[in-house]
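Visitor: Next comes entry-v7.pdb, PDB, C-alpha atoms and all ligand atoms:
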MODEL        1
ATOM      1  CA  MET D   1       0.000   0.000   0.000
ATOM      2  CA  THR D   2       1.551   3.290  -1.081
ATOM      3  CA  ILE D   3       0.456   6.870  -0.629
ATOM      4  CA  ARG D   4      -1.383   8.339  -3.600
ATOM      5  CA  TRP D   5      -0.296  11.965  -3.818
ATOM      6  CA  MET D   6      -2.889  14.452  -5.066
ATOM      7  CA  ASN D   7      -0.347  17.272  -5.087
ATOM      8  CA  GLN D   8       3.038  17.856  -3.413
ATOM      9  CA  THR D   9       1.521  18.171   0.040
ATOM     10  CA  VAL D  10      -1.691  16.160   0.167
ATOM     11  CA  GLY D  11      -2.221  12.462  -0.398
ATOM     12  CA  TYR D  12      -4.054   9.482   1.003
ATOM     13  CA  LEU D  13      -3.715   5.778   1.592
ATOM     14  CA  PRO D  14      -6.609   3.938  -0.030
ATOM     15  CA  GLY D  15      -8.293   1.210   1.996
ATOM     16  CA  PRO D  16     -11.659   0.286   3.515
ATOM     17  CA  VAL D  17     -11.317   3.716   5.157
ATOM     18  CA  ASN D  18      -9.131   6.247   3.360
ATOM     19  CA  VAL D  19      -6.322   7.601   5.528
ATOM     20  CA  GLY D  20      -5.253  11.143   4.618
ATOM     21  CA  VAL D  21      -1.639  12.303   4.646
ATOM     22  CA  VAL D  22      -0.559  15.948   4.675
ATOM     23  CA  ARG D  23       3.090  16.992   4.718
ATOM     24  CA  LEU D  24       3.710  19.427   7.565
ATOM     25  CA  GLY D  25       7.417  19.825   7.020
ATOM     26  CA  ARG D  26      10.236  18.003   5.289
ATOM     27  CA  ASP D  27       9.750  14.760   7.169
ATOM     28  CA  GLU D  28       6.631  15.305   9.236
ATOM     29  CA  ALA D  29       3.083  14.363   8.376
ATOM     30  CA  LEU D  30      -0.428  15.016   9.593
ATOM     31  CA  VAL D  31      -2.523  11.857   9.327
ATOM     32  CA  ILE D  32      -6.290  12.052   8.856
ATOM     33  CA  ASP D  33      -8.144   9.076  10.354
ATOM     34  CA  ALA D  34      -6.424   5.838  11.285
ATOM     35  CA  GLY D  35      -8.454   2.943   9.887
ATOM     36  CA  LEU D  36     -10.085   0.087  11.759
ATOM     37  CA  ASP D  37      -7.380  -1.533  13.843
ATOM     38  CA  GLY D  38      -3.732  -2.017  14.734
ATOM     39  CA  ASP D  39      -3.052  -3.909  11.501
ATOM     40  CA  ARG D  40      -4.176  -0.921   9.464
ATOM     41  CA  GLY D  41      -2.221   1.376  11.797
ATOM     42  CA  LYS D  42       0.948  -0.644  11.050
ATOM     43  CA  LYS D  43       0.333  -0.371   7.313
ATOM     44  CA  VAL D  44      -0.077   3.391   7.669
ATOM     45  CA  LEU D  45       3.247   3.620   9.519
ATOM     46  CA  ARG D  46       4.979   1.469   6.889
ATOM     47  CA  ALA D  47       3.645   3.569   4.021
ATOM     48  CA  LEU D  48       4.795   6.765   5.746
ATOM     49  CA  GLU D  49       8.230   5.261   6.457
ATOM     50  CA  ALA D  50       8.593   4.381   2.783
ATOM     51  CA  GLU D  51       8.263   8.118   2.067
ATOM     52  CA  ARG D  52      10.559   9.027   4.981
ATOM     53  CA  LEU D  53       7.643  10.670   6.743
ATOM     54  CA  ARG D  54       7.002  10.629  10.455
ATOM     55  CA  PRO D  55       3.404  11.030  11.652
ATOM     56  CA  SER D  56       3.262  13.776  14.267
ATOM     57  CA  VAL D  57      -0.446  14.655  14.397
ATOM     58  CA  LEU D  58      -3.474  12.424  13.937
ATOM     59  CA  PHE D  59      -6.721  14.227  13.106
ATOM     60  CA  LEU D  60      -9.811  12.073  13.625
ATOM     61  CA  THR D  61     -12.884  13.123  11.678
ATOM     62  CA  HIS D  62     -15.373  11.318  13.910
ATOM     63  CA  SER D  63     -15.685   8.654  16.562
ATOM     64  CA  HIS D  64     -16.656   5.605  14.483
ATOM     65  CA  ALA D  65     -14.392   2.623  15.134
ATOM     66  CA  ASP D  66     -13.497   2.069  11.467
ATOM     67  CA  HIS D  67     -12.009   5.585  11.396
ATOM     68  CA  PHE D  68     -10.059   5.644  14.660
ATOM     69  CA  GLY D  69      -9.401   2.002  15.679
ATOM     70  CA  GLY D  70      -5.836   2.210  14.297
ATOM     71  CA  GLY D  71      -5.185   5.345  16.357
ATOM     72  CA  ALA D  72      -4.040   3.566  19.527
ATOM     73  CA  LEU D  73      -1.207   1.945  17.584
ATOM     74  CA  LEU D  74      -0.150   5.261  16.006
ATOM     75  CA  ALA D  75      -0.153   6.886  19.452
ATOM     76  CA  LYS D  76       1.876   4.048  20.993
ATOM     77  CA  ARG D  77       4.395   3.502  18.188
ATOM     78  CA  ALA D  78       4.794   7.040  16.877
ATOM     79  CA  GLY D  79       3.632   9.216  19.787
ATOM     80  CA  VAL D  80       1.265  11.168  17.559
ATOM     81  CA  LEU D  81      -0.654  14.065  19.010
ATOM     82  CA  VAL D  82      -4.326  13.148  18.694
ATOM     83  CA  ALA D  83      -6.799  15.824  17.585
ATOM     84  CA  ALA D  84     -10.559  15.383  17.199
ATOM     85  CA  PRO D  85     -13.748  17.448  17.060
ATOM     86  CA  ALA D  86     -14.742  18.286  20.632
ATOM     87  CA  GLU D  87     -18.165  16.661  20.297
ATOM     88  CA  GLU D  88     -16.644  13.371  19.119
ATOM     89  CA  ALA D  89     -13.855  13.219  21.702
ATOM     90  CA  ALA D  90     -15.879  11.559  24.490
ATOM     91  CA  PHE D  91     -16.602   8.486  22.350
ATOM     92  CA  ILE D  92     -12.963   8.255  21.223
ATOM     93  CA  ARG D  93     -11.716   8.341  24.818
ATOM     94  CA  ARG D  94     -14.438   5.974  26.050
ATOM     95  CA  PRO D  95     -15.325   3.783  23.050
ATOM     96  CA  ARG D  96     -17.496   1.449  25.115
ATOM     97  CA  LEU D  97     -20.083   4.245  24.923
ATOM     98  CA  GLU D  98     -20.596   3.568  21.205
ATOM     99  CA  PRO D  99     -22.338   0.140  21.416
ATOM    100  CA  PHE D 100     -24.010   1.359  24.617
ATOM    101  CA  ALA D 101     -25.509   4.337  22.750
ATOM    102  CA  LEU D 102     -26.422   2.238  19.726
ATOM    103  CA  TYR D 103     -28.373  -0.089  22.014
ATOM    104  CA  GLY D 104     -30.439   2.801  23.417
ATOM    105  CA  LEU D 105     -28.333   3.601  26.490
ATOM    106  CA  ALA D 106     -28.382   0.125  27.953
ATOM    107  CA  GLU D 107     -25.733  -2.562  28.303
ATOM    108  CA  PRO D 108     -25.698  -4.177  24.843
ATOM    109  CA  PRO D 109     -25.542  -7.928  24.220
ATOM    110  CA  PRO D 110     -21.936  -9.093  23.621
ATOM    111  CA  GLY D 111     -22.537  -9.347  19.859
ATOM    112  CA  LEU D 112     -22.612  -5.539  19.662
ATOM    113  CA  ARG D 113     -19.162  -5.174  21.207
ATOM    114  CA  THR D 114     -17.220  -6.019  18.047
ATOM    115  CA  LYS D 115     -14.174  -4.115  16.827
ATOM    116  CA  PHE D 116     -16.364  -2.550  14.128
ATOM    117  CA  LEU D 117     -18.336  -0.772  16.835
ATOM    118  CA  GLN D 118     -15.850  -0.546  19.699
ATOM    119  CA  ALA D 119     -12.274   0.532  19.026
ATOM    120  CA  PRO D 120      -9.468   0.575  21.612
ATOM    121  CA  PRO D 121      -9.629   3.737  23.767
ATOM    122  CA  LEU D 122      -7.515   6.651  22.602
ATOM    123  CA  GLU D 123      -6.591   9.795  24.522
ATOM    124  CA  VAL D 124      -7.529  12.980  22.649
ATOM    125  CA  ASP D 125      -4.897  15.701  23.169
ATOM    126  CA  LEU D 126      -6.617  18.461  21.221
ATOM    127  CA  GLU D 127     -10.385  19.010  21.167
ATOM    128  CA  LEU D 128     -11.099  21.143  18.135
ATOM    129  CA  GLU D 129     -13.922  23.318  16.850
ATOM    130  CA  PRO D 130     -14.627  24.220  13.202
ATOM    131  CA  GLY D 131     -12.531  27.075  11.832
ATOM    132  CA  PRO D 132      -8.988  27.747  10.621
ATOM    133  CA  TRP D 133      -6.419  25.430  12.183
ATOM    134  CA  THR D 134      -2.667  25.279  12.308
ATOM    135  CA  PRO D 135      -1.668  21.668  12.937
ATOM    136  CA  PRO D 136       1.164  21.712  15.463
ATOM    137  CA  SER D 137       4.459  20.435  14.122
ATOM    138  CA  ALA D 138       7.655  19.713  16.011
ATOM    139  CA  GLU D 139      10.918  17.827  15.995
ATOM    140  CA  PRO D 140      10.947  14.020  16.194
ATOM    141  CA  ARG D 141       9.478  12.668  19.400
ATOM    142  CA  LEU D 142       9.262   9.009  18.578
ATOM    143  CA  GLU D 143      10.108   7.826  22.057
ATOM    144  CA  GLU D 144       7.826   9.987  24.120
ATOM    145  CA  PRO D 145       4.202  11.059  24.195
ATOM    146  CA  ALA D 146       3.053  14.545  23.292
ATOM    147  CA  THR D 147       4.305  17.345  25.505
ATOM    148  CA  ALA D 148       2.767  20.587  26.682
ATOM    149  CA  GLU D 149       4.668  22.487  23.981
ATOM    150  CA  LEU D 150       3.142  20.311  21.319
ATOM    151  CA  ARG D 151      -0.306  20.786  22.777
ATOM    152  CA  GLU D 152       0.087  24.545  22.481
ATOM    153  CA  GLY D 153       0.947  24.334  18.801
ATOM    154  CA  ARG D 154       4.467  25.765  19.026
ATOM    155  CA  LYS D 155       5.278  26.134  15.359
ATOM    156  CA  ALA D 156       3.178  27.418  12.489
ATOM    157  CA  ASP D 157       3.057  25.524   9.226
ATOM    158  CA  PRO D 158       2.504  26.915   5.767
ATOM    159  CA  VAL D 159      -0.456  24.751   4.732
ATOM    160  CA  GLU D 160      -3.776  26.575   4.876
ATOM    161  CA  THR D 161      -5.975  24.240   6.855
ATOM    162  CA  GLU D 162      -9.581  24.599   7.929
ATOM    163  CA  ILE D 163     -11.684  22.350  10.122
ATOM    164  CA  VAL D 164     -15.085  22.095   8.456
ATOM    165  CA  ASP D 165     -18.272  21.262  10.346
ATOM    166  CA  LEU D 166     -19.723  18.183   8.623
ATOM    167  CA  GLY D 167     -22.056  17.026  11.389
ATOM    168  CA  GLY D 168     -24.851  14.668  10.389
ATOM    169  CA  HIS D 169     -23.343  11.232   9.806
ATOM    170  CA  ALA D 170     -21.938  11.635  13.325
ATOM    171  CA  PRO D 171     -23.095  14.594  15.444
ATOM    172  CA  GLY D 172     -19.725  16.343  15.658
ATOM    173  CA  GLN D 173     -18.076  15.011  12.505
ATOM    174  CA  CYS D 174     -15.613  17.440  10.936
ATOM    175  CA  GLY D 175     -13.767  17.387   7.646
ATOM    176  CA  LEU D 176     -10.435  18.978   6.926
ATOM    177  CA  ARG D 177      -9.823  21.341   4.025
ATOM    178  CA  ILE D 178      -6.221  21.673   2.917
ATOM    179  CA  GLY D 179      -6.138  24.405   0.290
ATOM    180  CA  ASP D 180      -8.598  23.301  -2.396
ATOM    181  CA  ILE D 181      -8.767  19.659  -1.279
ATOM    182  CA  LEU D 182     -11.426  18.557   1.205
ATOM    183  CA  PHE D 183     -11.208  15.429   3.320
ATOM    184  CA  ALA D 184     -14.945  14.972   3.737
ATOM    185  CA  ALA D 185     -15.041  11.879   6.009
ATOM    186  CA  ASP D 186     -18.481  10.235   5.802
ATOM    187  CA  ALA D 187     -20.433  13.353   4.840
ATOM    188  CA  LEU D 188     -20.665  11.966   1.305
ATOM    189  CA  PHE D 189     -20.656   8.341   0.183
ATOM    190  CA  PRO D 190     -19.752   7.130  -3.298
ATOM    191  CA  PRO D 191     -22.771   6.144  -5.436
ATOM    192  CA  ALA D 192     -21.716   2.476  -5.116
ATOM    193  CA  VAL D 193     -22.402   2.599  -1.364
ATOM    194  CA  TRP D 194     -25.915   3.932  -1.959
ATOM    195  CA  ALA D 195     -26.528   1.261  -4.597
ATOM    196  CA  LYS D 196     -25.349  -1.549  -2.312
ATOM    197  CA  HIS D 197     -26.581  -0.731   1.174
ATOM    198  CA  GLY D 198     -29.956   0.965   1.300
ATOM    199  CA  PHE D 199     -29.608   1.725   5.015
ATOM    200  CA  VAL D 200     -26.874   4.381   4.721
ATOM    201  CA  TYR D 201     -26.335   5.619   8.241
ATOM    202  CA  HIS D 202     -26.640   9.273   9.218
ATOM    203  CA  ALA D 203     -27.314  10.194  12.849
ATOM    204  CA  SER D 204     -29.123  13.368  11.785
ATOM    205  CA  VAL D 205     -30.866  13.734   8.435
ATOM    206  CA  ASP D 206     -31.044  17.537   8.648
ATOM    207  CA  GLY D 207     -27.402  17.679   9.700
ATOM    208  CA  ALA D 208     -26.366  15.435   6.816
ATOM    209  CA  LEU D 209     -28.328  17.524   4.286
ATOM    210  CA  ALA D 210     -26.836  20.767   5.659
ATOM    211  CA  SER D 211     -23.313  19.325   5.411
ATOM    212  CA  ILE D 212     -23.900  18.204   1.832
ATOM    213  CA  GLN D 213     -25.148  21.707   0.999
ATOM    214  CA  ALA D 214     -22.110  23.278   2.673
ATOM    215  CA  ILE D 215     -19.768  21.071   0.625
ATOM    216  CA  ALA D 216     -21.623  21.822  -2.615
ATOM    217  CA  THR D 217     -21.404  25.563  -1.877
ATOM    218  CA  ALA D 218     -17.714  25.444  -0.940
ATOM    219  CA  ALA D 219     -17.093  23.461  -4.165
ATOM    220  CA  PRO D 220     -13.611  22.116  -3.400
ATOM    221  CA  ARG D 221     -11.538  21.192  -6.456
ATOM    222  CA  LEU D 222     -11.058  17.685  -5.105
ATOM    223  CA  LEU D 223     -12.949  15.763  -2.454
ATOM    224  CA  ILE D 224     -11.457  12.750  -0.675
ATOM    225  CA  PRO D 225     -14.245  10.808   1.058
ATOM    226  CA  GLY D 226     -13.818   8.449   3.988
ATOM    227  CA  HIS D 227     -14.765   5.549   1.727
ATOM    228  CA  GLY D 228     -14.175   5.182  -2.013
ATOM    229  CA  GLU D 229     -12.376   7.148  -4.674
ATOM    230  CA  PRO D 230     -11.602  10.869  -4.640
ATOM    231  CA  SER D 231     -13.939  12.973  -6.759
ATOM    232  CA  ASP D 232     -13.386  16.141  -8.782
ATOM    233  CA  ASP D 233     -17.094  16.300  -9.591
ATOM    234  CA  VAL D 234     -18.290  17.414  -6.179
ATOM    235  CA  ALA D 235     -21.596  18.802  -7.482
ATOM    236  CA  SER D 236     -22.672  15.388  -8.846
ATOM    237  CA  LEU D 237     -21.530  13.568  -5.730
ATOM    238  CA  ALA D 238     -23.447  16.020  -3.535
ATOM    239  CA  ALA D 239     -26.566  15.642  -5.694
ATOM    240  CA  ALA D 240     -26.369  11.830  -5.576
ATOM    241  CA  ASN D 241     -26.107  11.883  -1.775
ATOM    242  CA  ARG D 242     -28.934  14.364  -1.362
ATOM    243  CA  GLU D 243     -31.071  12.156  -3.574
ATOM    244  CA  GLY D 244     -30.067   9.019  -1.641
ATOM    245  CA  ILE D 245     -31.058  10.578   1.675
ATOM    246  CA  GLU D 246     -34.337  11.951   0.306
ATOM    247  CA  ASN D 247     -35.227   8.585  -1.243
ATOM    248  CA  LEU D 248     -34.543   6.861   2.061
ATOM    249  CA  SER D 249     -36.772   9.323   3.937
ATOM    250  CA  ARG D 250     -39.510   8.814   1.358
ATOM    251  CA  ALA D 251     -39.225   5.012   1.639
ATOM    252  CA  VAL D 252     -39.503   5.176   5.446
ATOM    253  CA  ALA D 253     -42.524   7.496   5.241
ATOM    254  CA  GLN D 254     -44.262   5.318   2.665
ATOM    255  CA  VAL D 255     -44.042   2.209   4.864
ATOM    256  CA  ALA D 256     -45.505   4.109   7.829
ATOM    257  CA  GLU D 257     -48.241   5.622   5.673
ATOM    258  CA  ARG D 258     -49.390   2.346   4.125
ATOM    259  CA  THR D 259     -52.041   1.802   6.786
ATOM    260  CA  ASP D 260     -54.027   4.142   9.044
ATOM    261  CA  GLU D 261     -52.483   2.440  12.064
ATOM    262  CA  GLY D 262     -48.911   3.366  11.054
ATOM    263  CA  ALA D 263     -45.877   1.191  11.675
ATOM    264  CA  SER D 264     -43.453   0.406  14.468
ATOM    265  CA  THR D 265     -39.733   1.026  13.963
ATOM    266  CA  GLU D 266     -39.226  -2.742  13.634
ATOM    267  CA  ALA D 267     -42.006  -2.975  11.052
ATOM    268  CA  VAL D 268     -40.392  -0.205   8.962
ATOM    269  CA  LEU D 269     -37.026  -1.996   9.151
ATOM    270  CA  ALA D 270     -38.542  -5.345   8.195
ATOM    271  CA  ALA D 271     -40.531  -3.876   5.297
ATOM    272  CA  LEU D 272     -37.523  -2.063   3.832
ATOM    273  CA  ALA D 273     -35.251  -5.084   4.289
ATOM    274  CA  ARG D 274     -37.821  -7.157   2.417
ATOM    275  CA  GLU D 275     -38.201  -4.563  -0.345
ATOM    276  CA  TRP D 276     -34.455  -4.226  -0.819
ATOM    277  CA  ASP D 277     -33.758  -7.927  -0.306
ATOM    278  CA  HIS D 278     -31.360  -6.981   2.482
ATOM    279  CA  GLN D 279     -30.282  -9.783   4.831
ATOM    280  CA  PHE D 280     -29.056  -8.380   8.164
ATOM    281  CA  ARG D 281     -25.628  -9.865   8.794
ATOM    282  CA  GLY D 282     -25.826  -9.773  12.582
ATOM    283  CA  LEU D 283     -26.503  -7.433  15.481
ATOM    284  CA  PRO D 284     -24.197  -4.565  14.396
ATOM    285  CA  ASP D 285     -25.727  -4.469  10.910
ATOM    286  CA  TYR D 286     -29.249  -4.635  12.365
ATOM    287  CA  PHE D 287     -28.720  -1.928  14.963
ATOM    288  CA  LEU D 288     -26.965   0.440  12.548
ATOM    289  CA  ALA D 289     -29.853   0.051  10.103
ATOM    290  CA  ARG D 290     -32.259   0.613  12.976
ATOM    291  CA  ALA D 291     -30.465   3.812  14.038
ATOM    292  CA  CYS D 292     -30.503   4.955  10.413
ATOM    293  CA  VAL D 293     -34.293   4.423  10.215
ATOM    294  CA  GLN D 294     -34.752   6.158  13.582
ATOM    295  CA  ALA D 295     -32.938   9.244  12.284
ATOM    296  CA  HIS D 296     -35.300   9.367   9.303
ATOM    297  CA  LEU D 297     -38.340   8.876  11.561
ATOM    298  CA  SER D 298     -37.251  11.867  13.693
ATOM    299  CA  HIS D 299     -36.735  13.884  10.534
ATOM    300  CA  LEU D 300     -40.236  12.980   9.273
ATOM    301  CA  VAL D 301     -41.777  13.913  12.631
ATOM    302  CA  ALA D 302     -39.962  17.271  12.586
ATOM    303  CA  ARG D 303     -41.381  17.808   9.076
ATOM    304  CA  ARG D 304     -44.878  16.890  10.391
ATOM    305  CA  ARG D 305     -45.184  14.051   7.921
ATOM    306  CA  LEU D 306     -45.474  11.478  10.742
ATOM    307  CA  ILE D 307     -46.383  11.552  14.418
ATOM    308  CA  PRO D 308     -45.345   9.142  17.172
ATOM    309  CA  VAL D 309     -48.272   7.401  18.873
ATOM    310  CA  ILE D 310     -48.033   4.970  21.775
ATOM    311  CA  GLU D 311     -50.896   2.521  21.574
ATOM    312  CA  GLY D 312     -51.497  -0.919  23.048
ATOM    313  CA  GLY D 313     -47.965  -0.968  24.414
ATOM    314  CA  ARG D 314     -46.447  -0.192  20.993
ATOM    315  CA  LEU D 315     -44.772   2.900  19.619
ATOM    316  CA  LEU D 316     -46.174   3.567  16.147
ATOM    317  CA  TRP D 317     -45.238   6.150  13.538
ATOM    318  CA  ARG D 318     -48.363   7.339  11.838
ATOM    319  CA  ARG D 319     -49.565   9.903   9.312
ATOM    320  CA  PRO D 320     -51.153  12.851  11.187
ATOM    321  CA  THR D 321     -54.939  13.073  10.888
TER     322      THR D 321
HETATM  323 ZN    ZN D 401     -18.620   6.808  10.069
ENDMDL
END
Before we go any further, please render this structure as structure tokens.
Guide:
Amino acid sequence: MTIRWMNQTVGYLPGPVNVGVVRLGRDEALVIDAGLDGDRGKKVLRALEAERLRPSVLFLTHSHADHFGGGALLAKRAGVLVAAPAEEAAFIRRPRLEPFALYGLAEPPPGLRTKFLQAPPLEVDLELEPGPWTPPSAEPRLEEPATAELREGRKADPVETEIVDLGGHAPGQCGLRIGDILFAADALFPPAVWAKHGFVYHASVDGALASIQAIATAAPRLLIPGHGEPSDDVASLAAANREGIENLSRAVAQVAERTDEGASTEAVLAALAREWDHQFRGLPDYFLARACVQAHLSHLVARRRLIPVIEGGRLLWRRPT
């Protein structure tokens, strides 16, 4: 696995999750996301070594395990300074919260505590908010963890970097814009993902739509998503994602509106799975799809297309009368 350079400064390592690389100095690199686990973390280190680069800062776009699970290895082996959006930091530090939250704030069954949903804990050194950012850079510190000097961002770097609010897929998700290249994390998915999955997860439908709009308006020259190939046709990618989300909302509403009684969350899930011939591959797949449907149900209630009704011990989503 070698780094694909998009220009002299910015590149990425393709994989199940793309890992961004930004040169901060002659031999120093900012890494964006860390992949699923220690194996991926090792591959990232090897690819950087091959280019004589030393990772000094790790920026995590959001707290999903497939994006930060490799971070613990990068922190241990390379002593990277870990930066993350403030709202995502709690889940990165305490990853057992992720399956706990997904299960509705209750202890989940063991099948939900897989490495795809629960990464190793990782200390976050810098909690960041959207806006211009100067990634701290420093001399080699391979043997020791980050110091106070590093935390204060001692040295400026010449790359114009902005932390971009891309909340929606995860509440506090942020992308990173380096000049005219945007690392967009999971704000946009390649069309292949929409074609394959059906239940494309966003925690907030309104948030996801606002982030897509913000990306379309900013119109970066090149967009590197968390999954899939980079795109220089950001307008089309944004339109495809907007359409995917709107279609999903419509599909959820249509199931609930089929009868006067409405439908339970489980009934909506089952109906869509049947329609799309989707076989749930286990608890994580089921609960992620469920959370995805729940986000759309909230969105439809906020739009007054559905109302929640508790009847006969069941929670039903129903067309308002
Ligand atoms: Zn994600």
Visitor: Tell me, counting all atoms listed in the file, for each residue of chain D within 9 Å of ligand ZN 401 (chain D), which pair of atoms is nearest and how far apart they are in Å to one decimal, in rows ordered by chain and increasing number, as CSV.
Guide:
residue,atom,partner,partner_atom,distance
D:Thr61,CA,D:ZN401,ZN,8.7
D:His62,CA,D:ZN401,ZN,6.8
D:Ser63,CA,D:ZN401,ZN,7.4
D:His64,CA,D:ZN401,ZN,5.0
D:Ala65,CA,D:ZN401,ZN,7.8
D:Asp66,CA,D:ZN401,ZN,7.1
D:His67,CA,D:ZN401,ZN,6.9
D:His169,CA,D:ZN401,ZN,6.5
D:Ala170,CA,D:ZN401,ZN,6.7
D:Gln173,CA,D:ZN401,ZN,8.6
D:Ala185,CA,D:ZN401,ZN,7.4
D:Asp186,CA,D:ZN401,ZN,5.5
D:Ala187,CA,D:ZN401,ZN,8.6
D:Tyr201,CA,D:ZN401,ZN,8.0
D:His202,CA,D:ZN401,ZN,8.4
D:Gly226,CA,D:ZN401,ZN,7.9
Visitor: Restricting the calculation to all atoms listed in the file, which member of D:Val205, D:Pro284, D:Leu297, D:Ile212 is positioned closest to Pro109 of chain D?
Guide: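 Among the listed residues, the smallest separation from Pro109 of chain D belongs to D:Pro284.
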Visitor: Go through the shown structure with the PyMOL selection byres (((chain D and resi 307) around 7) and not hetatm) and write out the matching residues as number ranges by chain.
Guide: D: 301, 304, 306, 308-309, 317-320
Visitor: Nearest to Ala84 of chain D: which of D:Ala238, D:Leu126, D:Ala273, D:Leu97 is it, counting only C-alpha atoms?
Guide: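 When distances to Ala84 of chain D are compared using only C-alpha atoms, the smallest one comes from D:Leu126.
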Visitor: Which residue is closest to Gln279 of chain D? Choose from D:Gly198, D:Pro14, D:Pro225, D:Pro132 and count only C-alpha atoms.
Guide: D:Gly198
Visitor: Using Å and a single decimal, report how far atom CA of Phe91 of chain D sits from atom CA of Glu123 of chain D.
Guide: 10.3 Å
Visitor: With the input short on atoms, add N, CA and C atoms back to segment 261-277 of chain D and write it as an mmCIF file, in the frame of the given file.
Guide:
data_model
loop_
_atom_site.group_PDB
_atom_site.id
_atom_site.type_symbol
_atom_site.label_atom_id
_atom_site.label_comp_id
_atom_site.auth_asym_id
_atom_site.auth_seq_id
_atom_site.Cartn_x
_atom_site.Cartn_y
_atom_site.Cartn_z
ATOM 1 N N GLU D 261 -53.073 2.716 10.750
ATOM 2 C CA GLU D 261 -52.483 2.440 12.064
ATOM 3 C C GLU D 261 -51.055 2.967 12.163
ATOM 4 N N GLY D 262 -50.327 2.999 11.035
ATOM 5 C CA GLY D 262 -48.911 3.366 11.054
ATOM 6 C C GLY D 262 -48.045 2.136 11.217
ATOM 7 N N ALA D 263 -46.799 2.328 11.567
ATOM 8 C CA ALA D 263 -45.877 1.191 11.675
ATOM 9 C C ALA D 263 -44.902 1.415 12.825
ATOM 10 N N SER D 264 -44.487 0.320 13.439
ATOM 11 C CA SER D 264 -43.453 0.406 14.468
ATOM 12 C C SER D 264 -42.099 0.543 13.772
ATOM 13 N N THR D 265 -41.086 0.923 14.525
ATOM 14 C CA THR D 265 -39.733 1.026 13.963
ATOM 15 C C THR D 265 -39.323 -0.318 13.367
ATOM 16 N N GLU D 266 -39.599 -1.397 14.103
ATOM 17 C CA GLU D 266 -39.226 -2.742 13.634
ATOM 18 C C GLU D 266 -39.954 -3.091 12.340
ATOM 19 N N ALA D 267 -41.238 -2.666 12.262
ATOM 20 C CA ALA D 267 -42.006 -2.975 11.052
ATOM 21 C C ALA D 267 -41.431 -2.220 9.845
ATOM 22 N N VAL D 268 -40.996 -0.979 10.061
ATOM 23 C CA VAL D 268 -40.392 -0.205 8.962
ATOM 24 C C VAL D 268 -39.110 -0.909 8.503
ATOM 25 N N LEU D 269 -38.288 -1.295 9.472
ATOM 26 C CA LEU D 269 -37.026 -1.996 9.151
ATOM 27 C C LEU D 269 -37.300 -3.264 8.350
ATOM 28 N N ALA D 270 -38.252 -4.057 8.846
ATOM 29 C CA ALA D 270 -38.542 -5.345 8.195
ATOM 30 C C ALA D 270 -39.070 -5.120 6.779
ATOM 31 N N ALA D 271 -39.949 -4.119 6.624
ATOM 32 C CA ALA D 271 -40.531 -3.876 5.297
ATOM 33 C C ALA D 271 -39.461 -3.436 4.304
ATOM 34 N N LEU D 272 -38.567 -2.539 4.748
ATOM 35 C CA LEU D 272 -37.523 -2.063 3.832
ATOM 36 C C LEU D 272 -36.527 -3.181 3.508
ATOM 37 N N ALA D 273 -36.184 -3.975 4.529
ATOM 38 C CA ALA D 273 -35.251 -5.084 4.289
ATOM 39 C C ALA D 273 -35.837 -6.038 3.256
ATOM 40 N N ARG D 274 -37.145 -6.283 3.376
ATOM 41 C CA ARG D 274 -37.821 -7.157 2.417
ATOM 42 C C ARG D 274 -37.793 -6.542 1.015
ATOM 43 N N GLU D 275 -38.157 -5.259 0.948
ATOM 44 C CA GLU D 275 -38.201 -4.563 -0.345
ATOM 45 C C GLU D 275 -36.841 -4.570 -1.032
ATOM 46 N N TRP D 276 -35.801 -4.350 -0.236
ATOM 47 C CA TRP D 276 -34.455 -4.226 -0.819
ATOM 48 C C TRP D 276 -33.706 -5.555 -0.809
ATOM 49 N N ASP D 277 -34.387 -6.618 -0.387
ATOM 50 C CA ASP D 277 -33.758 -7.927 -0.306
ATOM 51 C C ASP D 277 -32.462 -7.866 0.506
#
